[in-house]
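A.B. asks: Got model36.pdb for you, PDB, C-alpha atoms:
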```pdb
MODEL        1
ATOM      1  CA  MET A   1     101.881 239.387   3.640
ATOM      2  CA  PRO A   2      99.161 236.885   2.592
ATOM      3  CA  ALA A   3      98.494 233.659   4.468
ATOM      4  CA  GLY A   4      99.574 230.290   3.097
ATOM      5  CA  PHE A   5     103.328 230.838   3.120
ATOM      6  CA  THR A   6     105.421 227.709   3.643
ATOM      7  CA  LEU A   7     108.934 227.579   5.054
ATOM      8  CA  LEU A   8     110.209 226.887   1.539
ATOM      9  CA  LEU A   9     108.488 229.977   0.155
ATOM     10  CA  ILE A  10     109.900 232.048   3.015
ATOM     11  CA  LEU A  11     113.355 230.736   2.053
ATOM     12  CA  VAL A  12     112.673 231.979  -1.493
ATOM     13  CA  LEU A  13     111.848 235.428  -0.134
ATOM     14  CA  VAL A  14     115.006 235.514   2.001
ATOM     15  CA  LEU A  15     117.160 234.544  -0.992
ATOM     16  CA  ALA A  16     115.350 237.044  -3.235
ATOM     17  CA  VAL A  17     115.995 239.883  -0.791
ATOM     18  CA  ALA A  18     119.621 238.746  -0.483
ATOM     19  CA  PHE A  19     119.983 238.749  -4.286
ATOM     20  CA  ASP A  20     118.400 242.198  -4.548
ATOM     21  CA  TYR A  21     120.685 243.544  -1.813
ATOM     22  CA  VAL A  22     123.777 242.046  -3.477
ATOM     23  CA  ASN A  23     122.554 243.396  -6.813
ATOM     24  CA  GLY A  24     122.311 246.846  -5.228
ATOM     25  CA  PHE A  25     125.877 247.041  -3.916
ATOM     26  CA  HIS A  26     127.255 245.106  -6.908
ATOM     27  CA  ASP A  27     125.715 247.663  -9.283
ATOM     28  CA  THR A  28     126.241 250.843  -7.253
ATOM     29  CA  ALA A  29     129.109 251.575  -9.627
ATOM     30  CA  ASN A  30     126.704 251.715 -12.567
ATOM     31  CA  ALA A  31     125.176 254.921 -11.283
ATOM     32  CA  ILE A  32     127.950 256.703  -9.417
ATOM     33  CA  ALA A  33     131.365 255.525 -10.630
ATOM     34  CA  THR A  34     131.694 258.231 -13.263
ATOM     35  CA  SER A  35     130.436 261.067 -11.045
ATOM     36  CA  VAL A  36     132.746 259.980  -8.197
ATOM     37  CA  SER A  37     135.782 259.585 -10.451
ATOM     38  CA  THR A  38     135.259 263.058 -11.944
ATOM     39  CA  ARG A  39     134.682 264.507  -8.437
ATOM     40  CA  ALA A  40     131.235 265.743  -9.382
ATOM     41  CA  LEU A  41     129.922 264.157  -6.181
ATOM     42  CA  ARG A  42     131.439 263.130  -2.885
ATOM     43  CA  PRO A  43     131.216 259.343  -2.495
ATOM     44  CA  SER A  44     128.839 259.507   0.490
ATOM     45  CA  HIS A  45     126.538 261.987  -1.260
ATOM     46  CA  ALA A  46     126.644 259.941  -4.478
ATOM     47  CA  ILE A  47     125.646 256.745  -2.685
ATOM     48  CA  LEU A  48     122.761 258.451  -0.847
ATOM     49  CA  MET A  49     121.500 259.982  -4.083
ATOM     50  CA  SER A  50     121.838 256.667  -5.910
ATOM     51  CA  ALA A  51     119.955 254.729  -3.228
ATOM     52  CA  THR A  52     117.068 257.211  -3.287
ATOM     53  CA  ALA A  53     116.852 257.317  -7.090
ATOM     54  CA  ASN A  54     117.042 253.509  -7.279
ATOM     55  CA  PHE A  55     114.078 253.218  -4.911
ATOM     56  CA  LEU A  56     112.001 255.675  -6.924
ATOM     57  CA  GLY A  57     112.933 254.026 -10.221
ATOM     58  CA  ALA A  58     111.816 250.653  -8.899
ATOM     59  CA  LEU A  59     108.272 251.991  -8.490
ATOM     60  CA  THR A  60     107.827 252.974 -12.129
ATOM     61  CA  GLY A  61     106.514 249.755 -13.678
ATOM     62  CA  THR A  62     106.440 245.957 -13.839
ATOM     63  CA  ALA A  63     107.035 245.121 -17.518
ATOM     64  CA  VAL A  64     110.475 243.625 -16.825
ATOM     65  CA  ALA A  65     109.109 241.717 -13.803
ATOM     66  CA  THR A  66     106.442 240.178 -16.025
ATOM     67  CA  THR A  67     109.121 239.015 -18.469
ATOM     68  CA  ILE A  68     111.018 237.281 -15.654
ATOM     69  CA  ALA A  69     107.836 235.776 -14.202
ATOM     70  CA  LYS A  70     106.460 234.227 -17.379
ATOM     71  CA  GLY A  71     108.704 234.951 -20.366
ATOM     72  CA  ILE A  72     111.808 232.869 -19.615
ATOM     73  CA  ALA A  73     110.752 229.426 -18.399
ATOM     74  CA  THR A  74     107.786 227.412 -17.186
ATOM     75  CA  ILE A  75     108.488 225.856 -13.814
ATOM     76  CA  PRO A  76     106.612 223.200 -11.830
ATOM     77  CA  GLY A  77     104.070 224.059  -9.185
ATOM     78  CA  GLY A  78     104.345 223.311  -5.491
ATOM     79  CA  ASP A  79     107.613 222.624  -3.688
ATOM     80  CA  ASP A  80     109.509 221.763  -6.864
ATOM     81  CA  GLY A  81     108.767 225.232  -8.223
ATOM     82  CA  GLN A  82     110.090 226.842  -5.053
ATOM     83  CA  ILE A  83     113.263 224.777  -5.272
ATOM     84  CA  VAL A  84     113.768 225.905  -8.883
ATOM     85  CA  VAL A  85     113.552 229.535  -7.786
ATOM     86  CA  CYS A  86     115.876 228.931  -4.800
ATOM     87  CA  ALA A  87     118.436 227.298  -7.106
ATOM     88  CA  ALA A  88     118.173 230.147  -9.619
ATOM     89  CA  LEU A  89     118.781 232.721  -6.897
ATOM     90  CA  LEU A  90     121.738 230.800  -5.473
ATOM     91  CA  GLY A  91     123.327 230.660  -8.933
ATOM     92  CA  ALA A  92     122.891 234.399  -9.390
ATOM     93  CA  ILE A  93     124.119 235.324  -5.898
ATOM     94  CA  ALA A  94     127.203 233.111  -6.223
ATOM     95  CA  TRP A  95     128.225 234.690  -9.543
ATOM     96  CA  ASN A  96     127.582 238.214  -8.258
ATOM     97  CA  LEU A  97     129.713 237.670  -5.167
ATOM     98  CA  LEU A  98     132.543 236.125  -7.178
ATOM     99  CA  THR A  99     132.697 238.976  -9.696
ATOM    100  CA  TRP A 100     132.335 241.559  -6.906
ATOM    101  CA  ARG A 101     135.265 239.959  -5.078
ATOM    102  CA  LEU A 102     137.342 240.161  -8.250
ATOM    103  CA  GLY A 103     136.190 243.736  -8.956
ATOM    104  CA  ILE A 104     134.769 242.763 -12.363
ATOM    105  CA  PRO A 105     131.585 244.517 -13.548
ATOM    106  CA  SER A 106     129.186 241.743 -14.557
ATOM    107  CA  SER A 107     125.463 241.510 -15.109
ATOM    108  CA  SER A 108     123.233 240.729 -12.134
ATOM    109  CA  SER A 109     120.326 240.538 -14.576
ATOM    110  CA  HIS A 110     121.886 237.879 -16.744
ATOM    111  CA  ALA A 111     123.150 236.039 -13.659
ATOM    112  CA  LEU A 112     119.531 235.698 -12.506
ATOM    113  CA  ILE A 113     118.309 234.745 -15.975
ATOM    114  CA  GLY A 114     121.122 232.211 -16.316
ATOM    115  CA  GLY A 115     120.249 230.818 -12.900
ATOM    116  CA  LEU A 116     116.591 230.458 -13.861
ATOM    117  CA  ILE A 117     117.498 228.745 -17.141
ATOM    118  CA  GLY A 118     119.878 226.306 -15.445
ATOM    119  CA  ALA A 119     117.473 225.430 -12.638
ATOM    120  CA  ALA A 120     114.505 225.011 -15.004
ATOM    121  CA  ILE A 121     116.475 222.694 -17.297
ATOM    122  CA  ALA A 122     117.658 220.650 -14.301
ATOM    123  CA  ALA A 123     114.108 220.307 -12.977
ATOM    124  CA  VAL A 124     112.045 219.890 -16.157
ATOM    125  CA  GLY A 125     114.312 219.866 -19.191
ATOM    126  CA  VAL A 126     114.946 222.136 -22.158
ATOM    127  CA  SER A 127     111.245 221.978 -23.048
ATOM    128  CA  SER A 128     110.536 224.227 -20.051
ATOM    129  CA  LEU A 129     112.299 227.165 -21.715
ATOM    130  CA  ASN A 130     110.463 229.831 -23.685
ATOM    131  CA  LEU A 131     113.062 230.011 -26.450
ATOM    132  CA  GLN A 132     111.312 232.801 -28.357
ATOM    133  CA  GLY A 133     110.995 234.867 -25.196
ATOM    134  CA  ILE A 134     114.649 234.276 -24.338
ATOM    135  CA  TYR A 135     115.703 235.406 -27.813
ATOM    136  CA  ASP A 136     113.415 238.464 -27.942
ATOM    137  CA  LYS A 137     113.834 239.670 -24.370
ATOM    138  CA  VAL A 138     117.301 238.407 -23.383
ATOM    139  CA  LEU A 139     119.659 237.517 -26.231
ATOM    140  CA  PHE A 140     118.711 240.329 -28.602
ATOM    141  CA  PRO A 141     119.010 243.058 -25.912
ATOM    142  CA  LEU A 142     122.172 241.321 -24.614
ATOM    143  CA  ILE A 143     123.860 242.084 -27.938
ATOM    144  CA  ALA A 144     122.037 245.263 -28.974
ATOM    145  CA  SER A 145     122.248 247.261 -25.738
ATOM    146  CA  PRO A 146     126.061 247.413 -25.414
ATOM    147  CA  VAL A 147     126.382 248.112 -29.134
ATOM    148  CA  LEU A 148     123.977 251.025 -28.717
ATOM    149  CA  GLY A 149     125.936 252.133 -25.642
ATOM    150  CA  VAL A 150     129.193 252.357 -27.607
ATOM    151  CA  VAL A 151     127.656 253.960 -30.702
ATOM    152  CA  ILE A 152     125.405 256.493 -28.955
ATOM    153  CA  GLY A 153     128.029 257.321 -26.326
ATOM    154  CA  PHE A 154     130.628 257.909 -29.038
ATOM    155  CA  ALA A 155     128.205 260.031 -31.111
ATOM    156  CA  LEU A 156     126.986 262.126 -28.164
ATOM    157  CA  MET A 157     130.557 262.778 -27.082
ATOM    158  CA  VAL A 158     131.552 263.884 -30.584
ATOM    159  CA  VAL A 159     128.587 266.274 -30.660
ATOM    160  CA  LEU A 160     129.439 267.744 -27.248
ATOM    161  CA  LEU A 161     133.112 268.178 -28.121
ATOM    162  CA  ASN A 162     132.211 269.995 -31.338
ATOM    163  CA  VAL A 163     129.581 272.211 -29.696
ATOM    164  CA  PHE A 164     132.010 273.277 -26.951
ATOM    165  CA  ARG A 165     135.259 273.141 -28.930
ATOM    166  CA  ARG A 166     135.921 276.865 -28.428
ATOM    167  CA  ALA A 167     135.077 276.898 -24.722
ATOM    168  CA  HIS A 168     137.761 277.007 -22.044
ATOM    169  CA  PRO A 169     138.430 273.474 -20.666
ATOM    170  CA  LYS A 170     138.040 274.559 -17.039
ATOM    171  CA  ARG A 171     134.673 276.178 -17.788
ATOM    172  CA  ILE A 172     133.490 273.012 -19.555
ATOM    173  CA  ASN A 173     134.598 270.844 -16.645
ATOM    174  CA  ASP A 174     132.856 273.055 -14.093
ATOM    175  CA  ARG A 175     129.638 273.150 -16.123
ATOM    176  CA  PHE A 176     129.470 269.414 -16.748
ATOM    177  CA  ARG A 177     130.486 268.602 -13.195
ATOM    178  CA  ARG A 178     127.247 270.307 -12.123
ATOM    179  CA  LEU A 179     125.279 268.602 -14.902
ATOM    180  CA  GLN A 180     126.535 265.256 -13.662
ATOM    181  CA  LEU A 181     124.362 265.679 -10.578
ATOM    182  CA  VAL A 182     121.407 265.290 -12.951
ATOM    183  CA  SER A 183     122.866 262.575 -15.188
ATOM    184  CA  ALA A 184     123.987 260.443 -12.214
ATOM    185  CA  ALA A 185     120.507 260.638 -10.683
ATOM    186  CA  PHE A 186     119.026 259.782 -14.093
ATOM    187  CA  MET A 187     121.305 256.745 -14.312
ATOM    188  CA  ALA A 188     120.406 255.546 -10.802
ATOM    189  CA  PHE A 189     116.694 256.021 -11.502
ATOM    190  CA  SER A 190     116.926 253.969 -14.704
ATOM    191  CA  HIS A 191     118.871 251.261 -12.851
ATOM    192  CA  GLY A 192     116.055 250.917 -10.329
ATOM    193  CA  SER A 193     113.474 250.835 -13.116
ATOM    194  CA  ASN A 194     115.100 247.749 -14.638
ATOM    195  CA  ASP A 195     117.131 245.853 -12.060
ATOM    196  CA  ALA A 196     114.760 245.919  -9.085
ATOM    197  CA  GLN A 197     112.075 244.420 -11.315
ATOM    198  CA  LYS A 198     114.074 241.207 -11.723
ATOM    199  CA  THR A 199     113.571 240.435  -8.050
ATOM    200  CA  MET A 200     109.899 241.364  -8.334
ATOM    201  CA  GLY A 201     109.585 238.925 -11.216
ATOM    202  CA  ILE A 202     111.347 235.990  -9.548
ATOM    203  CA  VAL A 203     109.286 236.409  -6.362
ATOM    204  CA  THR A 204     106.090 236.625  -8.420
ATOM    205  CA  LEU A 205     107.096 233.439 -10.255
ATOM    206  CA  ALA A 206     107.494 231.683  -6.900
ATOM    207  CA  LEU A 207     104.138 232.994  -5.662
ATOM    208  CA  VAL A 208     102.372 231.630  -8.746
ATOM    209  CA  ALA A 209     104.108 228.265  -8.400
ATOM    210  CA  ALA A 210     103.047 228.129  -4.745
ATOM    211  CA  GLY A 211      99.440 228.951  -5.600
ATOM    212  CA  ILE A 212      99.489 232.145  -3.534
ATOM    213  CA  ILE A 213      98.447 234.239  -6.539
ATOM    214  CA  PRO A 214      96.649 232.915  -9.654
ATOM    215  CA  GLU A 215      98.613 234.771 -12.330
ATOM    216  CA  PRO A 216     101.922 236.658 -12.653
ATOM    217  CA  VAL A 217     100.717 240.100 -11.580
ATOM    218  CA  VAL A 218     103.227 241.673  -9.197
ATOM    219  CA  PRO A 219     101.679 242.439  -5.771
ATOM    220  CA  LEU A 220     102.319 245.868  -4.260
ATOM    221  CA  TRP A 221     104.161 244.430  -1.249
ATOM    222  CA  VAL A 222     106.582 242.651  -3.607
ATOM    223  CA  ILE A 223     107.284 245.936  -5.420
ATOM    224  CA  LEU A 224     108.020 247.709  -2.132
ATOM    225  CA  LEU A 225     110.134 244.807  -0.836
ATOM    226  CA  ALA A 226     112.296 244.750  -3.978
ATOM    227  CA  ALA A 227     112.643 248.537  -4.093
ATOM    228  CA  THR A 228     113.720 248.669  -0.447
ATOM    229  CA  ALA A 229     116.246 245.822  -0.697
ATOM    230  CA  MET A 230     117.759 247.320  -3.851
ATOM    231  CA  SER A 231     118.132 250.785  -2.317
ATOM    232  CA  LEU A 232     119.672 249.391   0.892
ATOM    233  CA  GLY A 233     122.162 247.380  -1.139
ATOM    234  CA  THR A 234     123.007 250.454  -3.175
ATOM    235  CA  ALA A 235     123.589 252.408   0.029
ATOM    236  CA  ALA A 236     126.132 249.777   1.091
ATOM    237  CA  GLY A 237     128.258 250.626  -1.940
ATOM    238  CA  GLY A 238     130.501 248.403  -4.050
ATOM    239  CA  TRP A 239     133.891 250.088  -4.045
ATOM    240  CA  ARG A 240     135.830 247.378  -5.861
ATOM    241  CA  ILE A 241     133.671 247.717  -8.964
ATOM    242  CA  ILE A 242     133.397 251.495  -8.607
ATOM    243  CA  ARG A 243     137.183 251.696  -8.964
ATOM    244  CA  THR A 244     137.129 249.510 -12.089
ATOM    245  CA  MET A 245     134.287 251.403 -13.757
ATOM    246  CA  GLY A 246     135.393 254.879 -12.807
ATOM    247  CA  GLN A 247     139.176 254.677 -13.057
ATOM    248  CA  LYS A 248     140.502 251.596 -14.835
ATOM    249  CA  VAL A 249     138.577 251.472 -18.140
ATOM    250  CA  VAL A 250     139.260 255.034 -19.300
ATOM    251  CA  LYS A 251     140.204 258.340 -17.691
ATOM    252  CA  LEU A 252     137.020 260.369 -17.386
ATOM    253  CA  ASP A 253     136.415 264.115 -17.331
ATOM    254  CA  PRO A 254     133.014 265.474 -16.257
ATOM    255  CA  VAL A 255     131.849 265.852 -19.863
ATOM    256  CA  HIS A 256     132.647 262.162 -20.465
ATOM    257  CA  GLY A 257     130.790 261.159 -17.316
ATOM    258  CA  PHE A 258     127.737 263.189 -18.296
ATOM    259  CA  ALA A 259     127.687 261.689 -21.802
ATOM    260  CA  ALA A 260     128.111 258.114 -20.556
ATOM    261  CA  GLU A 261     125.435 258.383 -17.860
ATOM    262  CA  THR A 262     122.930 260.113 -20.131
ATOM    263  CA  THR A 263     123.474 257.551 -22.878
ATOM    264  CA  ALA A 264     123.170 254.541 -20.596
ATOM    265  CA  ALA A 265     120.148 255.818 -18.666
ATOM    266  CA  THR A 266     118.216 256.540 -21.870
ATOM    267  CA  ILE A 267     118.886 253.035 -23.236
ATOM    268  CA  ILE A 268     117.957 251.367 -19.936
ATOM    269  CA  LEU A 269     114.680 253.274 -19.550
ATOM    270  CA  GLY A 270     113.742 252.328 -23.112
ATOM    271  CA  ALA A 271     114.446 248.674 -22.334
ATOM    272  CA  SER A 272     112.378 248.865 -19.130
ATOM    273  CA  HIS A 273     109.440 250.234 -21.105
ATOM    274  CA  PHE A 274     109.548 247.245 -23.463
ATOM    275  CA  GLY A 275     109.984 244.692 -20.685
ATOM    276  CA  MET A 276     113.580 243.814 -21.591
ATOM    277  CA  PRO A 277     115.770 242.818 -18.612
ATOM    278  CA  VAL A 278     118.985 244.356 -19.919
ATOM    279  CA  SER A 279     122.251 244.529 -18.070
ATOM    280  CA  THR A 280     122.748 248.004 -16.685
ATOM    281  CA  THR A 281     126.396 247.022 -16.209
ATOM    282  CA  HIS A 282     126.779 246.167 -19.898
ATOM    283  CA  VAL A 283     125.160 249.414 -20.966
ATOM    284  CA  ILE A 284     127.125 251.823 -18.750
ATOM    285  CA  SER A 285     130.393 249.966 -19.431
ATOM    286  CA  SER A 286     129.874 250.195 -23.184
ATOM    287  CA  ALA A 287     128.843 253.846 -22.925
ATOM    288  CA  ILE A 288     132.052 254.608 -21.003
ATOM    289  CA  ILE A 289     134.059 252.838 -23.715
ATOM    290  CA  GLY A 290     132.208 254.799 -26.412
ATOM    291  CA  VAL A 291     132.802 258.217 -24.883
ATOM    292  CA  GLY A 292     136.420 257.347 -24.102
ATOM    293  CA  ALA A 293     137.085 256.194 -27.662
ATOM    294  CA  SER A 294     135.727 259.498 -29.008
ATOM    295  CA  ASP A 295     138.954 261.190 -27.894
ATOM    296  CA  ARG A 296     141.216 258.442 -29.217
ATOM    297  CA  PHE A 297     140.958 254.663 -29.217
ATOM    298  CA  SER A 298     144.179 254.359 -27.238
ATOM    299  CA  ALA A 299     142.494 256.199 -24.337
ATOM    300  CA  VAL A 300     140.538 253.030 -23.546
ATOM    301  CA  ARG A 301     142.376 250.414 -21.518
ATOM    302  CA  TRP A 302     141.341 247.559 -23.772
ATOM    303  CA  GLY A 303     142.815 244.892 -21.497
ATOM    304  CA  VAL A 304     140.418 245.867 -18.693
ATOM    305  CA  ALA A 305     137.575 246.174 -21.206
ATOM    306  CA  GLY A 306     138.424 242.686 -22.459
ATOM    307  CA  ASN A 307     138.133 241.250 -18.942
ATOM    308  CA  ILE A 308     134.681 242.815 -18.662
ATOM    309  CA  VAL A 309     133.634 241.248 -21.976
ATOM    310  CA  VAL A 310     134.838 237.820 -20.798
ATOM    311  CA  ALA A 311     132.659 238.190 -17.692
ATOM    312  CA  TRP A 312     129.700 239.136 -19.902
ATOM    313  CA  VAL A 313     130.140 235.969 -21.963
ATOM    314  CA  LEU A 314     130.541 233.709 -18.939
ATOM    315  CA  THR A 315     127.715 235.120 -16.800
ATOM    316  CA  ILE A 316     124.735 233.141 -18.131
ATOM    317  CA  PRO A 317     126.451 229.725 -18.458
ATOM    318  CA  ALA A 318     128.314 230.085 -15.147
ATOM    319  CA  SER A 319     125.247 231.062 -13.125
ATOM    320  CA  ALA A 320     123.218 228.363 -14.950
ATOM    321  CA  ALA A 321     125.776 225.741 -13.936
ATOM    322  CA  VAL A 322     125.698 226.793 -10.272
ATOM    323  CA  ALA A 323     121.887 226.829 -10.330
ATOM    324  CA  TRP A 324     121.809 223.347 -11.873
ATOM    325  CA  LEU A 325     124.097 222.049  -9.130
ATOM    326  CA  SER A 326     121.990 223.838  -6.502
ATOM    327  CA  TRP A 327     118.841 222.148  -7.835
ATOM    328  CA  GLU A 328     120.500 218.720  -7.680
ATOM    329  CA  ILE A 329     121.431 219.304  -4.029
ATOM    330  CA  LEU A 330     118.289 221.102  -2.825
ATOM    331  CA  SER A 331     115.879 218.687  -4.521
ATOM    332  CA  ARG A 332     117.414 215.880  -2.461
ATOM    333  CA  VAL A 333     117.477 217.616   0.915
ATOM    334  CA  LEU A 334     114.315 219.748   0.934
TER     335      LEU A 334
ENDMDL
END
```
Go ahead and express the file in the form of structure tokens.
C.D. replies:
Amino acid sequence: MPAGFTLLLILVLVLAVAFDYVNGFHDTANAIATSVSTRALRPSHAILMSATANFLGALTGTAVATTIAKGIATIPGGDDGQIVVCAALLGAIAWNLLTWRLGIPSSSSHALIGGLIGAAIAAVGVSSLNLQGIYDKVLFPLIASPVLGVVIGFALMVVLLNVFRRAHPKRINDRFRRLQLVSAAFMAFSHGSNDAQKTMGIVTLALVAAGIIPEPVVPLWVILLAATAMSLGTAAGGWRIIRTMGQKVVKLDPVHGFAAETTAATIILGASHFGMPVSTTHVISSAIIGVGASDRFSAVRWGVAGNIVVAWVLTIPASAAVAWLSWEILSRVL
């Protein structure tokens, strides 16, 4: 680790690793809930696979990290910049822990973005925000990605059901239970490719503000730190949310799980390529709803789905509010 680190910057790193770890166990369900609920994988094997694939996915690029580091807000230099990042991370961690405790799938990505927006406004004002970047990279994908999840998941499921309509149900289940080993790994890999980069980006933003690096180019040690924290968090598991995703939204068979995971992973990898910090939780939840609705709309437990949507809507403003409050406190005591 380079010289020149202050205690405040070390605090940023501790909070960033904590956020990444919480993100990992909060979002474990994204990759393995469907494969566990359909009994394609034993829970322990699913978590080990997911942790490994998350680590590998985190090494695939930095486009999303760059968006977080320079595309959302301009923050002050020096100690004030570090306090902004600390406040943003506290807002995101608080929202993640609350929704984990309640077993509600919410977006760690948008919690971090909301935290950064709230802390930046508290420190500098609305003028600090890159409104075009927020629209292009956050708000547009926020709406488009779950819509694509429902539509593509529904369409893929209809295709699969028609292709295999004459096959024996047990044979289909056995075949797709094996295929879920691939689709679950694909989903975990895509999760690492997008979500771990948020921590890379927020740490890089802090390093620039501290003058440790001259521009927002993610150092290798930051990539490895984020990948490791994410995979360790994933290995810890998040069983409350796994139960919601895998059992409470819609009853899943292996073919549904395969379709949902394949749909979500493809959308997430596309977003990672274009530097869009999408919510992997939004995408897999919407894909599950899409494949479930392909059988019949009544198969989806819309009350549970509605609770998830409420959490989606509240994530950015709630985490922004906590981050704002955190800034007001930290700026007076640090």
A.B. asks: Given the file shown, determine the residues that the PyMOL selection byres ((chain A and resi 220-228) around 7) selects; report them as an MDAnalysis selection string.
C.D. replies: chainID A and resid 17 20 55 58:59 196 199:200 218:219 229:232
A.B. asks: Write a file of the just-selected residues containing C-alpha atoms, as a PDB file, in the coordinates of the input.
C.D. replies:
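Dumped to result-v5.pdb:
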```
ATOM      1  CA  VAL A  17     115.995 239.883  -0.791  1.00  0.00           C
ATOM      2  CA  ASP A  20     118.400 242.198  -4.548  1.00  0.00           C
ATOM      3  CA  PHE A  55     114.078 253.218  -4.911  1.00  0.00           C
ATOM      4  CA  ALA A  58     111.816 250.653  -8.899  1.00  0.00           C
ATOM      5  CA  LEU A  59     108.272 251.991  -8.490  1.00  0.00           C
ATOM      6  CA  ALA A 196     114.760 245.919  -9.085  1.00  0.00           C
ATOM      7  CA  THR A 199     113.571 240.435  -8.050  1.00  0.00           C
ATOM      8  CA  MET A 200     109.899 241.364  -8.334  1.00  0.00           C
ATOM      9  CA  VAL A 218     103.227 241.673  -9.197  1.00  0.00           C
ATOM     10  CA  PRO A 219     101.679 242.439  -5.771  1.00  0.00           C
ATOM     11  CA  ALA A 229     116.246 245.822  -0.697  1.00  0.00           C
ATOM     12  CA  MET A 230     117.759 247.320  -3.851  1.00  0.00           C
ATOM     13  CA  SER A 231     118.132 250.785  -2.317  1.00  0.00           C
ATOM     14  CA  LEU A 232     119.672 249.391   0.892  1.00  0.00           C
TER      15      LEU A 232
END
```
A.B. asks: Quick one: residues within 12 Å of His273 of chain A, only C-alpha atoms counted, chain neighbours fewer than 4 positions away excluded, as a VMD selection string?
C.D. replies: chain A and resid 60 to 67 137 190 193 to 194 197 266 to 269 277 to 278
A.B. asks: Output C-alpha atoms of each residue in that selection to a file, as an mmCIF file, in the frame of the given file.
C.D. replies:
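Wrote result.cif, looks like this:
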```cif
data_model
loop_
_atom_site.group_PDB
_atom_site.id
_atom_site.type_symbol
_atom_site.label_atom_id
_atom_site.label_comp_id
_atom_site.auth_asym_id
_atom_site.auth_seq_id
_atom_site.Cartn_x
_atom_site.Cartn_y
_atom_site.Cartn_z
ATOM 1 C CA THR A 60 107.827 252.974 -12.129
ATOM 2 C CA GLY A 61 106.514 249.755 -13.678
ATOM 3 C CA THR A 62 106.440 245.957 -13.839
ATOM 4 C CA ALA A 63 107.035 245.121 -17.518
ATOM 5 C CA VAL A 64 110.475 243.625 -16.825
ATOM 6 C CA ALA A 65 109.109 241.717 -13.803
ATOM 7 C CA THR A 66 106.442 240.178 -16.025
ATOM 8 C CA THR A 67 109.121 239.015 -18.469
ATOM 9 C CA LYS A 137 113.834 239.670 -24.370
ATOM 10 C CA SER A 190 116.926 253.969 -14.704
ATOM 11 C CA SER A 193 113.474 250.835 -13.116
ATOM 12 C CA ASN A 194 115.100 247.749 -14.638
ATOM 13 C CA GLN A 197 112.075 244.420 -11.315
ATOM 14 C CA THR A 266 118.216 256.540 -21.870
ATOM 15 C CA ILE A 267 118.886 253.035 -23.236
ATOM 16 C CA ILE A 268 117.957 251.367 -19.936
ATOM 17 C CA LEU A 269 114.680 253.274 -19.550
ATOM 18 C CA PRO A 277 115.770 242.818 -18.612
ATOM 19 C CA VAL A 278 118.985 244.356 -19.919
#
```
A.B. asks: If we count only C-alpha atoms and set the cut-off at 7 Å, which residues sit around Ala320 of chain A, ignoring sequence neighbours fewer than 4 positions away in its own chain? Please answer as a VMD selection string.
C.D. replies: chain A and resid 91 114 to 115 117 to 119 316 324
A.B. asks: Pick from A:Arg42, A:His282, A:His256, A:Lys198: nearest to Gly153 of chain A, with all atoms listed in the file counted?
C.D. replies: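 Smallest separation from Gly153 of chain A among the options: A:His256.
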A.B. asks: So how many Å separate atom CA of Ala40 of chain A and atom CA of Ile284 of chain A, to one decimal?
C.D. replies: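 Going from atom CA of Ala40 of chain A over to atom CA of Ile284 of chain A, I get 17.3 Å.
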A.B. asks: For the atom pair atom CA of Pro141 of chain A and atom CA of Met276 of chain A, what is the interatomic distance in Å to one decimal place?
C.D. replies: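 Going from atom CA of Pro141 of chain A over to atom CA of Met276 of chain A, I get 7.0 Å.
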A.B. asks: Report as a ChimeraX atom specification the full result of the PyMOL selection byres ((chain A and resi 209) around 8) when it is applied to this structure.
C.D. replies: /A:75-78,81-82,205-208,210-212
A.B. asks: I'd like to know which of A:Ala69, A:Ser272, A:Ala259, A:Leu116 is closest to Met157 of chain A, using all atoms listed in the file.
C.D. replies: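 The shortest atom-to-atom distance to Met157 of chain A comes from A:Ala259.
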A.B. asks: To one decimal in Å, tell me the separation between atom CA of Ala271 of chain A and atom CA of Asn23 of chain A.
C.D. replies: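 According to the coordinates, atom CA of Ala271 of chain A and atom CA of Asn23 of chain A are separated by 18.3 Å.
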A.B. asks: Draw an axis-aligned box tight on the listed atoms of segment 148-158 of chain A, then pad every side by 4 Å and write out centre and edge lengths in Å to one decimal as AutoDock Vina command-line options.
C.D. replies:
```
--center_x 127.8 --center_y 257.5 --center_z -28.4 --size_x 15.6 --size_y 20.9 --size_z 13.5
```
A.B. asks: Take the point (123.5, 242.6, -7.8) in the file's coordinates, draw a sphere of radius 9 Å around it, and report as a compact mmCIF listing (two decimals) with C-alpha atoms, in the frame of the given file every protein, DNA or RNA residue with an atom inside or on it, counting only C-alpha atoms.
C.D. replies:
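New file point-v3.txt:
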```txt
# COMPACT_ATOMS: atom_id res chain seq x y z
CA PHE A 19 119.98 238.75 -4.29
CA ASP A 20 118.40 242.20 -4.55
CA TYR A 21 120.68 243.54 -1.81
CA VAL A 22 123.78 242.05 -3.48
CA ASN A 23 122.55 243.40 -6.81
CA GLY A 24 122.31 246.85 -5.23
CA PHE A 25 125.88 247.04 -3.92
CA HIS A 26 127.26 245.11 -6.91
CA ASP A 27 125.72 247.66 -9.28
CA THR A 28 126.24 250.84 -7.25
CA ALA A 92 122.89 234.40 -9.39
CA ILE A 93 124.12 235.32 -5.90
CA ASN A 96 127.58 238.21 -8.26
CA LEU A 97 129.71 237.67 -5.17
CA TRP A 100 132.34 241.56 -6.91
CA SER A 106 129.19 241.74 -14.56
CA SER A 107 125.46 241.51 -15.11
CA SER A 108 123.23 240.73 -12.13
CA SER A 109 120.33 240.54 -14.58
CA ALA A 111 123.15 236.04 -13.66
CA ASP A 195 117.13 245.85 -12.06
CA MET A 230 117.76 247.32 -3.85
CA GLY A 233 122.16 247.38 -1.14
```
A.B. asks: What would the selection look like, as a list in words, if the PyMOL selection byres ((chain A and resi 144-152) around 6) were run on the coordinates I just shared?
C.D. replies: Phe140, Pro141, Leu142, Ile143, Gly153, Phe154, Ala155, Leu156, His282, Val283, Ser286, Ala287 and Gly290 of chain A
